[in-house]
file model.pdb (PDB, C-alpha atoms)
MODEL        1
ATOM      1  CA  MET L 631     -34.275 -12.052  -9.417
ATOM      2  CA  GLU L 632     -37.587 -13.304  -8.052
ATOM      3  CA  GLU L 633     -37.960 -14.177  -4.385
ATOM      4  CA  ASN L 634     -36.828 -17.581  -3.174
ATOM      5  CA  LYS L 635     -39.943 -19.682  -2.629
ATOM      6  CA  THR L 636     -38.267 -22.547  -0.754
ATOM      7  CA  ASP L 637     -36.280 -20.641   1.874
ATOM      8  CA  ILE L 638     -33.333 -22.922   1.047
ATOM      9  CA  ILE L 639     -30.107 -20.909   1.130
ATOM     10  CA  LYS L 640     -27.366 -21.988  -1.235
ATOM     11  CA  THR L 641     -23.737 -20.941  -1.242
ATOM     12  CA  ALA L 642     -21.144 -21.786  -3.878
ATOM     13  CA  ILE L 643     -17.648 -20.887  -5.018
ATOM     14  CA  VAL L 644     -17.866 -20.424  -8.792
ATOM     15  CA  ALA L 645     -14.857 -20.279 -11.131
ATOM     16  CA  ILE L 646     -15.447 -18.282 -14.322
ATOM     17  CA  ILE L 647     -13.368 -19.646 -17.174
ATOM     18  CA  GLY L 648     -13.108 -18.948 -20.889
ATOM     19  CA  ARG L 649     -10.816 -17.641 -23.599
ATOM     20  CA  PRO L 650      -9.359 -14.116 -23.350
ATOM     21  CA  SER L 651     -11.952 -11.396 -24.055
ATOM     22  CA  ALA L 652     -14.917 -13.783 -23.837
ATOM     23  CA  GLY L 653     -16.586 -11.360 -21.418
ATOM     24  CA  LYS L 654     -15.803 -12.961 -18.052
ATOM     25  CA  SER L 655     -14.923  -9.698 -16.306
ATOM     26  CA  THR L 656     -17.902  -7.891 -17.820
ATOM     27  CA  PHE L 657     -20.197 -10.635 -16.534
ATOM     28  CA  LEU L 658     -18.680 -10.410 -13.059
ATOM     29  CA  ASN L 659     -19.034  -6.622 -12.865
ATOM     30  CA  THR L 660     -22.614  -6.759 -14.158
ATOM     31  CA  ALA L 661     -23.623  -9.551 -11.789
ATOM     32  CA  CYS L 662     -22.019  -7.781  -8.794
ATOM     33  CA  GLN L 663     -23.270  -4.370  -9.968
ATOM     34  CA  GLU L 664     -19.807  -3.029  -9.114
ATOM     35  CA  ASP L 665     -16.492  -2.679 -10.977
ATOM     36  CA  VAL L 666     -14.721  -5.662  -9.433
ATOM     37  CA  SER L 667     -12.584  -6.706 -12.398
ATOM     38  CA  ILE L 668     -10.874  -4.704 -15.165
ATOM     39  CA  VAL L 669     -12.805  -4.664 -18.428
ATOM     40  CA  SER L 670     -10.789  -3.974 -21.563
ATOM     41  CA  PRO L 671     -10.800  -4.994 -25.246
ATOM     42  CA  ILE L 672      -7.159  -5.987 -24.725
ATOM     43  CA  PRO L 673      -6.879  -9.774 -24.183
ATOM     44  CA  GLN L 674      -5.582 -11.163 -20.886
ATOM     45  CA  THR L 675      -6.329  -8.067 -18.854
ATOM     46  CA  THR L 676      -7.172 -10.165 -15.788
ATOM     47  CA  ARG L 677      -3.992 -11.456 -14.144
ATOM     48  CA  ASN L 678      -5.259 -12.705 -10.791
ATOM     49  CA  ALA L 679      -8.129 -14.835  -9.556
ATOM     50  CA  ILE L 680     -10.387 -11.955  -8.528
ATOM     51  CA  LYS L 681     -13.377 -12.584  -6.293
ATOM     52  CA  GLY L 682     -16.765 -10.990  -6.814
ATOM     53  CA  ILE L 683     -19.705 -11.812  -4.552
ATOM     54  CA  VAL L 684     -23.374 -11.928  -5.566
ATOM     55  CA  ASN L 685     -26.044 -12.020  -2.864
ATOM     56  CA  THR L 686     -29.703 -12.736  -3.687
ATOM     57  CA  SER L 687     -32.658 -14.303  -1.911
ATOM     58  CA  TYR L 688     -31.451 -17.680  -3.237
ATOM     59  CA  GLY L 689     -28.129 -17.408  -1.414
ATOM     60  CA  GLN L 690     -24.564 -16.368  -2.180
ATOM     61  CA  LEU L 691     -22.350 -16.998  -5.201
ATOM     62  CA  VAL L 692     -18.652 -16.225  -4.753
ATOM     63  CA  PHE L 693     -17.221 -15.822  -8.248
ATOM     64  CA  ILE L 694     -13.547 -16.188  -9.108
ATOM     65  CA  ASP L 695     -12.743 -14.325 -12.332
ATOM     66  CA  THR L 696      -9.783 -16.213 -13.773
ATOM     67  CA  PRO L 697      -7.360 -15.047 -16.488
ATOM     68  CA  GLY L 698      -8.365 -15.973 -20.025
ATOM     69  CA  TYR L 699      -7.019 -19.398 -20.960
ATOM     70  CA  HIS L 700      -4.493 -18.712 -23.702
ATOM     71  CA  ASP L 701      -1.962 -20.922 -25.482
ATOM     72  CA  SER L 702       1.519 -19.471 -25.135
ATOM     73  CA  GLU L 703       4.808 -20.618 -23.659
ATOM     74  CA  LYS L 704       5.808 -17.145 -22.477
ATOM     75  CA  LYS L 705       6.499 -17.092 -18.750
ATOM     76  CA  LEU L 706       3.722 -14.599 -17.956
ATOM     77  CA  ASN L 707       1.165 -16.603 -19.955
ATOM     78  CA  LEU L 708       2.203 -19.848 -18.261
ATOM     79  CA  LYS L 709       1.729 -18.153 -14.902
ATOM     80  CA  LEU L 710      -1.758 -17.009 -15.914
ATOM     81  CA  ARG L 711      -2.675 -20.496 -17.105
ATOM     82  CA  ASN L 712      -1.596 -21.931 -13.766
ATOM     83  CA  VAL L 713      -3.900 -19.476 -11.996
ATOM     84  CA  THR L 714      -6.838 -20.664 -14.096
ATOM     85  CA  GLU L 715      -6.087 -24.362 -13.718
ATOM     86  CA  SER L 716      -5.641 -24.131  -9.944
ATOM     87  CA  GLN L 717      -9.020 -22.467  -9.462
ATOM     88  CA  ILE L 718     -11.191 -25.274 -10.838
ATOM     89  CA  GLU L 719      -9.867 -28.057  -8.613
ATOM     90  CA  ASP L 720     -11.732 -27.380  -5.375
ATOM     91  CA  ILE L 721     -14.707 -25.242  -6.328
ATOM     92  CA  ASP L 722     -18.456 -25.938  -6.274
ATOM     93  CA  CYS L 723     -19.409 -24.734  -9.760
ATOM     94  CA  ILE L 724     -17.875 -23.621 -13.039
ATOM     95  CA  LEU L 725     -19.271 -20.909 -15.289
ATOM     96  CA  TYR L 726     -17.899 -21.386 -18.789
ATOM     97  CA  VAL L 727     -18.243 -18.145 -20.782
ATOM     98  CA  ILE L 728     -17.937 -18.530 -24.538
ATOM     99  CA  ASP L 729     -17.930 -15.754 -27.129
ATOM    100  CA  SER L 730     -20.674 -16.239 -29.725
ATOM    101  CA  THR L 731     -18.936 -13.934 -32.235
ATOM    102  CA  ARG L 732     -15.803 -16.071 -32.602
ATOM    103  CA  GLU L 733     -15.225 -19.410 -34.258
ATOM    104  CA  PRO L 734     -14.433 -22.125 -31.707
ATOM    105  CA  GLY L 735     -10.827 -23.039 -32.352
ATOM    106  CA  GLU L 736      -7.924 -24.844 -30.751
ATOM    107  CA  GLU L 737      -7.846 -22.530 -27.720
ATOM    108  CA  GLU L 738     -11.562 -23.131 -27.165
ATOM    109  CA  GLN L 739     -10.934 -26.858 -27.278
ATOM    110  CA  HIS L 740      -8.205 -26.521 -24.639
ATOM    111  CA  THR L 741     -10.652 -24.625 -22.439
ATOM    112  CA  VAL L 742     -13.197 -27.411 -22.933
ATOM    113  CA  ASP L 743     -10.555 -29.980 -21.973
ATOM    114  CA  LEU L 744     -10.127 -28.168 -18.661
ATOM    115  CA  ILE L 745     -13.728 -28.822 -17.651
ATOM    116  CA  LYS L 746     -14.504 -32.195 -19.258
ATOM    117  CA  LYS L 747     -14.251 -33.951 -15.905
ATOM    118  CA  GLN L 748     -16.318 -31.220 -14.219
ATOM    119  CA  THR L 749     -19.392 -31.146 -16.453
ATOM    120  CA  SER L 750     -21.776 -32.094 -13.638
ATOM    121  CA  LYS L 751     -21.059 -28.754 -11.974
ATOM    122  CA  THR L 752     -20.731 -26.586 -15.092
ATOM    123  CA  VAL L 753     -23.077 -23.923 -16.462
ATOM    124  CA  VAL L 754     -22.377 -22.442 -19.895
ATOM    125  CA  ALA L 755     -23.059 -18.805 -20.817
ATOM    126  CA  ILE L 756     -22.995 -18.016 -24.543
ATOM    127  CA  ASN L 757     -22.042 -14.349 -24.459
ATOM    128  CA  LYS L 758     -22.230 -11.326 -26.794
ATOM    129  CA  THR L 759     -25.508 -12.465 -28.365
ATOM    130  CA  ASP L 760     -26.314  -8.785 -29.037
ATOM    131  CA  ALA L 761     -23.175  -8.245 -31.116
ATOM    132  CA  ARG L 762     -22.830  -8.227 -34.887
ATOM    133  CA  GLY L 763     -21.688 -11.601 -36.129
ATOM    134  CA  SER L 764     -23.085 -13.468 -33.140
ATOM    135  CA  SER L 765     -24.001 -17.088 -33.877
ATOM    136  CA  PRO L 766     -25.371 -18.852 -30.780
ATOM    137  CA  ALA L 767     -26.563 -21.767 -32.938
ATOM    138  CA  LYS L 768     -22.985 -22.424 -34.099
ATOM    139  CA  ILE L 769     -21.759 -22.339 -30.496
ATOM    140  CA  ARG L 770     -24.512 -24.714 -29.385
ATOM    141  CA  LYS L 771     -23.471 -27.150 -32.113
ATOM    142  CA  PHE L 772     -19.859 -26.953 -30.910
ATOM    143  CA  LEU L 773     -20.943 -27.535 -27.294
ATOM    144  CA  ALA L 774     -23.098 -30.514 -28.268
ATOM    145  CA  GLN L 775     -20.026 -32.139 -29.806
ATOM    146  CA  ALA L 776     -17.412 -31.014 -27.268
ATOM    147  CA  LEU L 777     -19.426 -31.239 -24.031
ATOM    148  CA  PRO L 778     -22.395 -33.542 -24.691
ATOM    149  CA  GLU L 779     -22.783 -34.248 -20.963
ATOM    150  CA  ILE L 780     -23.980 -30.684 -20.298
ATOM    151  CA  PRO L 781     -27.770 -30.570 -20.794
ATOM    152  CA  GLU L 782     -29.535 -27.816 -22.727
ATOM    153  CA  GLU L 783     -31.102 -26.453 -19.529
ATOM    154  CA  ARG L 784     -27.629 -25.506 -18.283
ATOM    155  CA  ILE L 785     -26.691 -23.596 -21.453
ATOM    156  CA  PHE L 786     -27.798 -19.959 -21.509
ATOM    157  CA  GLU L 787     -27.491 -17.043 -23.901
ATOM    158  CA  MET L 788     -26.602 -13.608 -22.578
ATOM    159  CA  SER L 789     -25.187 -10.174 -23.235
ATOM    160  CA  ALA L 790     -23.073  -9.357 -20.201
ATOM    161  CA  GLN L 791     -22.497  -5.846 -21.497
ATOM    162  CA  LYS L 792     -26.224  -5.087 -21.823
ATOM    163  CA  ASP L 793     -27.243  -7.039 -18.696
ATOM    164  CA  GLU L 794     -29.404  -9.454 -20.688
ATOM    165  CA  GLY L 795     -29.763 -13.064 -19.558
ATOM    166  CA  ILE L 796     -27.654 -12.539 -16.412
ATOM    167  CA  ASN L 797     -30.424 -13.568 -14.004
ATOM    168  CA  GLU L 798     -31.030 -16.774 -15.928
ATOM    169  CA  VAL L 799     -27.337 -17.658 -15.686
ATOM    170  CA  LEU L 800     -27.339 -16.954 -11.946
ATOM    171  CA  LYS L 801     -30.453 -19.083 -11.448
ATOM    172  CA  GLY L 802     -28.787 -21.914 -13.383
ATOM    173  CA  LEU L 803     -25.823 -21.737 -11.010
ATOM    174  CA  TYR L 804     -28.032 -21.677  -7.916
ATOM    175  CA  ASP L 805     -29.834 -24.778  -9.194
ATOM    176  CA  ILE L 806     -26.626 -26.828  -8.989
ATOM    177  CA  SER L 807     -25.149 -25.115  -5.910
ATOM    178  CA  PRO L 808     -24.961 -26.882  -2.530
ATOM    179  CA  GLU L 809     -26.995 -25.725   0.444
ATOM    180  CA  GLY L 810     -25.026 -23.737   3.005
ATOM    181  CA  ASP L 811     -24.668 -20.535   4.966
ATOM    182  CA  PRO L 812     -23.145 -17.466   3.271
ATOM    183  CA  ILE L 813     -19.387 -17.024   3.526
ATOM    184  CA  TYR L 814     -19.483 -13.211   3.446
ATOM    185  CA  ASP L 815     -22.000 -10.707   4.775
ATOM    186  CA  GLU L 816     -24.609  -9.529   2.302
ATOM    187  CA  GLU L 817     -23.073  -6.055   1.841
ATOM    188  CA  THR L 818     -19.755  -7.464   0.612
ATOM    189  CA  TYR L 819     -19.179  -7.653  -3.150
ATOM    190  CA  THR L 820     -15.413  -8.355  -3.223
ATOM    191  CA  ASP L 821     -12.679  -9.491  -0.832
ATOM    192  CA  GLN L 822      -9.911  -7.484  -2.509
ATOM    193  CA  ASN L 823      -7.659  -5.639  -0.062
ATOM    194  CA  LEU L 824      -6.998  -1.923  -0.472
ATOM    195  CA  SER L 825      -3.572  -2.152  -2.143
ATOM    196  CA  PHE L 826      -4.741  -4.740  -4.673
ATOM    197  CA  ARG L 827      -7.888  -2.763  -5.488
ATOM    198  CA  VAL L 828      -5.915   0.463  -5.949
ATOM    199  CA  ALA L 829      -3.389  -1.297  -8.205
ATOM    200  CA  GLU L 830      -6.158  -2.809 -10.353
ATOM    201  CA  VAL L 831      -7.942   0.531 -10.750
ATOM    202  CA  ILE L 832      -4.724   2.264 -11.851
ATOM    203  CA  ARG L 833      -3.777  -0.592 -14.205
ATOM    204  CA  GLY L 834      -7.255  -0.578 -15.709
ATOM    205  CA  GLU L 835      -7.140   3.156 -16.420
ATOM    206  CA  ALA L 836      -3.631   2.764 -17.874
ATOM    207  CA  ILE L 837      -4.205  -0.143 -20.233
ATOM    208  CA  ASN L 838      -7.359   1.376 -21.712
ATOM    209  CA  ARG L 839      -5.325   4.449 -22.704
ATOM    210  CA  LEU L 840      -2.177   2.741 -23.961
ATOM    211  CA  GLN L 841      -1.699   0.942 -27.249
ATOM    212  CA  ASP L 842       0.165  -1.905 -28.880
ATOM    213  CA  GLU L 843       2.252  -4.087 -26.564
ATOM    214  CA  ILE L 844       2.545  -1.600 -23.684
ATOM    215  CA  PRO L 845      -0.560  -2.724 -21.717
ATOM    216  CA  HIS L 846       0.949  -6.190 -21.268
ATOM    217  CA  ALA L 847       4.255  -4.620 -20.203
ATOM    218  CA  VAL L 848       2.685  -2.650 -17.325
ATOM    219  CA  TYR L 849       2.143  -3.551 -13.702
ATOM    220  CA  VAL L 850       1.388  -1.359 -10.696
ATOM    221  CA  ASP L 851       3.384  -1.249  -7.478
ATOM    222  CA  VAL L 852       1.530   0.397  -4.582
ATOM    223  CA  ALA L 853       4.471   1.559  -2.484
ATOM    224  CA  ASP L 854       2.820   3.539   0.331
ATOM    225  CA  VAL L 855      -0.653   4.030   1.785
ATOM    226  CA  GLU L 856      -1.113   6.566   4.580
ATOM    227  CA  HIS L 857      -4.263   7.500   6.496
ATOM    228  CA  ARG L 858      -4.236  11.258   6.995
ATOM    229  CA  ASN L 859      -6.487  13.971   8.425
ATOM    230  CA  GLU L 860      -7.788  11.670  11.173
ATOM    231  CA  GLY L 861      -8.575   8.931   8.668
ATOM    232  CA  LYS L 862     -10.572  11.177   6.324
ATOM    233  CA  LYS L 863      -7.929  11.078   3.591
ATOM    234  CA  LEU L 864      -5.960   8.246   1.972
ATOM    235  CA  TRP L 865      -2.590   9.304   0.562
ATOM    236  CA  ILE L 866      -1.259   6.710  -1.881
ATOM    237  CA  ARG L 867       2.071   6.527  -3.703
ATOM    238  CA  ALA L 868       2.076   4.096  -6.624
ATOM    239  CA  PHE L 869       4.340   3.312  -9.562
ATOM    240  CA  LEU L 870       3.333   2.281 -13.057
ATOM    241  CA  CYS L 871       6.154  -0.102 -13.929
ATOM    242  CA  VAL L 872       7.220  -0.797 -17.516
ATOM    243  CA  GLU L 873       9.941  -2.949 -19.063
ATOM    244  CA  ARG L 874      11.935  -0.448 -21.121
ATOM    245  CA  ASP L 875      12.970   3.222 -21.077
ATOM    246  CA  SER L 876      11.187   3.811 -24.395
ATOM    247  CA  GLN L 877       7.912   2.657 -22.812
ATOM    248  CA  LYS L 878       8.380   5.021 -19.886
ATOM    249  CA  GLY L 879       8.225   8.039 -22.192
ATOM    250  CA  ILE L 880       5.010   6.790 -23.809
ATOM    251  CA  VAL L 881       3.318   6.217 -20.456
ATOM    252  CA  ILE L 882       4.340   9.666 -19.205
ATOM    253  CA  GLY L 883       3.255  11.315 -22.460
ATOM    254  CA  LYS L 884       4.077  14.702 -23.945
ATOM    255  CA  GLY L 885       4.224  17.260 -21.149
ATOM    256  CA  ALA L 886       3.234  14.462 -18.722
ATOM    257  CA  SER L 887      -0.240  14.468 -20.323
ATOM    258  CA  MET L 888      -0.757  10.687 -20.326
ATOM    259  CA  ILE L 889       0.267  10.022 -16.735
ATOM    260  CA  LYS L 890      -1.895  12.957 -15.651
ATOM    261  CA  GLN L 891      -4.917  11.446 -17.448
ATOM    262  CA  ILE L 892      -4.311   8.072 -15.804
ATOM    263  CA  ARG L 893      -3.853   9.665 -12.378
ATOM    264  CA  MET L 894      -6.994  11.806 -12.555
ATOM    265  CA  ALA L 895      -9.167   8.954 -13.881
ATOM    266  CA  SER L 896      -7.833   6.620 -11.190
ATOM    267  CA  MET L 897      -8.526   9.138  -8.438
ATOM    268  CA  LYS L 898     -12.061   9.648  -9.712
ATOM    269  CA  LYS L 899     -12.812   5.924  -9.657
ATOM    270  CA  LEU L 900     -11.147   5.377  -6.277
ATOM    271  CA  ASN L 901     -13.142   8.245  -4.784
ATOM    272  CA  GLU L 902     -16.287   6.456  -5.963
ATOM    273  CA  ILE L 903     -15.197   3.264  -4.213
ATOM    274  CA  TYR L 904     -13.844   4.555  -0.895
ATOM    275  CA  MET L 905     -15.398   6.883   1.666
ATOM    276  CA  GLN L 906     -12.072   8.637   2.321
ATOM    277  CA  LYS L 907     -10.786  11.338  -0.017
ATOM    278  CA  ILE L 908      -8.049   9.878  -2.225
ATOM    279  CA  ASP L 909      -4.793  11.715  -2.919
ATOM    280  CA  LEU L 910      -2.733   9.766  -5.463
ATOM    281  CA  ASP L 911       0.967  10.284  -6.200
ATOM    282  CA  LEU L 912       1.500   8.301  -9.412
ATOM    283  CA  GLN L 913       4.907   7.909 -11.049
ATOM    284  CA  VAL L 914       6.444   5.754 -13.786
ATOM    285  CA  LYS L 915       9.531   3.607 -13.387
ATOM    286  CA  VAL L 916      11.382   0.971 -15.402
ATOM    287  CA  ASP L 917      11.607  -2.612 -14.151
ATOM    288  CA  LYS L 918      13.542  -4.186 -17.008
ATOM    289  CA  ASN L 919      12.205  -7.458 -18.427
ATOM    290  CA  TRP L 920       9.940  -8.020 -15.414
ATOM    291  CA  ARG L 921       7.730 -10.468 -17.331
ATOM    292  CA  GLN L 922      10.614 -12.952 -17.447
ATOM    293  CA  ARG L 923      11.505 -12.728 -13.752
ATOM    294  CA  ASP L 924       9.932 -15.094 -11.235
ATOM    295  CA  PHE L 925      10.377 -12.674  -8.340
ATOM    296  CA  THR L 926       8.215  -9.993  -9.932
ATOM    297  CA  LEU L 927       5.674 -12.445 -11.368
ATOM    298  CA  ASN L 928       5.200 -14.072  -7.963
ATOM    299  CA  LYS L 929       4.704 -10.643  -6.429
ATOM    300  CA  ILE L 930       1.972  -9.488  -8.782
ATOM    301  CA  ILE L 931       0.415 -12.929  -9.383
ATOM    302  CA  PRO L 932       0.861 -14.673  -6.017
ATOM    303  CA  LYS L 933       0.222 -18.363  -5.502
ATOM    304  CA  GLU L 934      -3.070 -19.256  -3.829
TER
ENDMDL
END
call {"tool": "encode", "arguments": {"input": "model.pdb", "output": "structure tokens"}}
result
Amino acid sequence: MEENKTDIIKTAIVAIIGRPSAGKSTFLNTACQEDVSIVSPIPQTTRNAIKGIVNTSYGQLVFIDTPGYHDSEKKLNLKLRNVTESQIEDIDCILYVIDSTREPGEEEQHTVDLIKKQTSKTVVAINKTDARGSSPAKIRKFLAQALPEIPEERIFEMSAQKDEGINEVLKGLYDISPEGDPIYDEETYTDQNLSFRVAEVIRGEAINRLQDEIPHAVYVDVADVEHRNEGKKLWIRAFLCVERDSQKGIVIGKGASMIKQIRMASMKKLNEIYMQKIDLDLQVKVDKNWRQRDFTLNKIIPKE
């Protein structure tokens, strides 16, 4: 991004909202230039409001990557919807990411309804413009009807995956951001604590290797973290938790091949993130019907 010519520093909390798989997490990782949020073709991968921080000469944008807004009365989905709705109440800006390859439907309309009273602080990013079947013109027509208060100059086209149009979206957000000092230092790109980051890395490696319903039936419990060898090594014990015994066998895999793949891939990514050498003890356990229990849901998706 070009240098700031005015020397005015802006700082904003920005909620990213949109339907599942619209590309919110991909945008966040690309903008932060780090893997802050899990990216997967499986809808509703993001379960928490995850912060990613972008620092430029214009100032600081603190993004909150919210779960995809999805219509379902299942307890887990209701919890995810509450996370999304709570994030847009007291923030400075909203980035609405919309998939240009999908027809706007009822779920898209519900997402629009979330931000109708917040249009003065909303920027729209029409995503996946590089993909086959993309129709930005159709999306612009939908936006003109659904959100006529948002001017054309705050609607951008981008490919988050290919890093195209990202700077224009960021500049659009800075244009409507308030002046203020940065919240975090300029080297910080996320505020995730160690246990949460470890759990998200493991879950990300797991869900991209598992099929059918199992990814939604998995959560990660980081049970122990020990600093060893005078702080040069991090020893971590974590559990991949599933709902049923039959799922446990699938996650472990024949000859423990699947859990070994997940463990090795997780260690590789964690060693790229942290200075200490990572030693990961990863096991699988059954937590029956956890998606219907408030205690477990509140533990893995805590209230703000």
call {"tool": "resolve_selection", "arguments": {"input": "model.pdb", "expression": "the PyMOL selection byres ((chain L and resi 648) around 8)", "output": "list in words"}}
result
Ile646, Ile647, Arg649, Pro650, Ala652, Lys654, Gly698, Tyr699, Tyr726, Val727, Ile728, Glu738 and Thr741 of chain L
call {"tool": "resolve_selection", "arguments": {"input": "model.pdb", "expression": "the PyMOL selection byres ((chain L and resi 853-859) around 12)", "output": "ChimeraX atom specification"}}
result
/L:824-826,828-829,850-852,860-871,906-913
call {"tool": "closest_residue", "arguments": {"input": "model.pdb", "among": "L:Leu803, L:Ala645, L:Tyr849, L:Leu725", "to": "Gly834 in chain L", "atoms": "all atoms listed in the file"}}
result
L:Tyr849
call {"tool": "atom_distance", "arguments": {"input": "model.pdb", "atom1": "CA of Ser655 in chain L", "atom2": "CA of Glu736 in chain L"}}
result
22.1 Å
call {"tool": "residues_around", "arguments": {"input": "model.pdb", "residues": "range 809-820 of chain L", "least_positions_apart": "3", "cutoff": "6 Å", "atoms": "only C-alpha atoms", "output": "ChimeraX atom specification"}}
result
/L:639-641,681-683,685,690
call {"tool": "build_atoms", "arguments": {"input": "model.pdb", "residues": "range 717-731 of chain L", "atoms": "N, CA, C and O atoms", "output": "compact mmCIF listing (two decimals), in the coordinates of the input"}}
result
# COMPACT_ATOMS: atom_id res chain seq x y z
N GLN L 717 -7.76 -22.92 -10.03
CA GLN L 717 -9.02 -22.47 -9.46
C GLN L 717 -10.16 -23.47 -9.63
O GLN L 717 -11.16 -23.39 -8.91
N ILE L 718 -10.06 -24.39 -10.58
CA ILE L 718 -11.19 -25.27 -10.84
C ILE L 718 -11.11 -26.59 -10.08
O ILE L 718 -12.00 -27.44 -10.19
N GLU L 719 -10.07 -26.78 -9.29
CA GLU L 719 -9.87 -28.06 -8.61
C GLU L 719 -10.81 -28.25 -7.43
O GLU L 719 -11.35 -29.33 -7.22
N ASP L 720 -10.98 -27.22 -6.62
CA ASP L 720 -11.73 -27.38 -5.38
C ASP L 720 -12.90 -26.41 -5.27
O ASP L 720 -13.17 -25.88 -4.19
N ILE L 721 -13.58 -26.17 -6.37
CA ILE L 721 -14.71 -25.24 -6.33
C ILE L 721 -16.03 -26.01 -6.49
O ILE L 721 -16.05 -27.19 -6.81
N ASP L 722 -17.14 -25.30 -6.22
CA ASP L 722 -18.46 -25.94 -6.27
C ASP L 722 -19.05 -25.95 -7.68
O ASP L 722 -19.72 -26.90 -8.06
N CYS L 723 -18.82 -24.86 -8.42
CA CYS L 723 -19.41 -24.73 -9.76
C CYS L 723 -18.41 -24.07 -10.70
O CYS L 723 -17.49 -23.38 -10.27
N ILE L 724 -18.65 -24.29 -11.99
CA ILE L 724 -17.88 -23.62 -13.04
C ILE L 724 -18.85 -22.89 -13.95
O ILE L 724 -19.89 -23.45 -14.34
N LEU L 725 -18.54 -21.64 -14.26
CA LEU L 725 -19.27 -20.91 -15.29
C LEU L 725 -18.34 -20.77 -16.49
O LEU L 725 -17.32 -20.08 -16.41
N TYR L 726 -18.70 -21.42 -17.57
CA TYR L 726 -17.90 -21.39 -18.79
C TYR L 726 -18.51 -20.33 -19.70
O TYR L 726 -19.62 -20.49 -20.20
N VAL L 727 -17.78 -19.23 -19.93
CA VAL L 727 -18.24 -18.14 -20.78
C VAL L 727 -17.60 -18.30 -22.15
O VAL L 727 -16.37 -18.37 -22.26
N ILE L 728 -18.44 -18.34 -23.19
CA ILE L 728 -17.94 -18.53 -24.54
C ILE L 728 -18.48 -17.42 -25.44
O ILE L 728 -19.65 -17.06 -25.36
N ASP L 729 -17.62 -16.88 -26.26
CA ASP L 729 -17.93 -15.75 -27.13
C ASP L 729 -18.65 -16.25 -28.39
O ASP L 729 -18.10 -17.03 -29.16
N SER L 730 -19.88 -15.77 -28.59
CA SER L 730 -20.67 -16.24 -29.72
C SER L 730 -20.28 -15.57 -31.04
O SER L 730 -20.81 -15.92 -32.10
N THR L 731 -19.35 -14.61 -31.00
CA THR L 731 -18.94 -13.93 -32.24
C THR L 731 -17.66 -14.53 -32.82
O THR L 731 -17.23 -14.12 -33.90
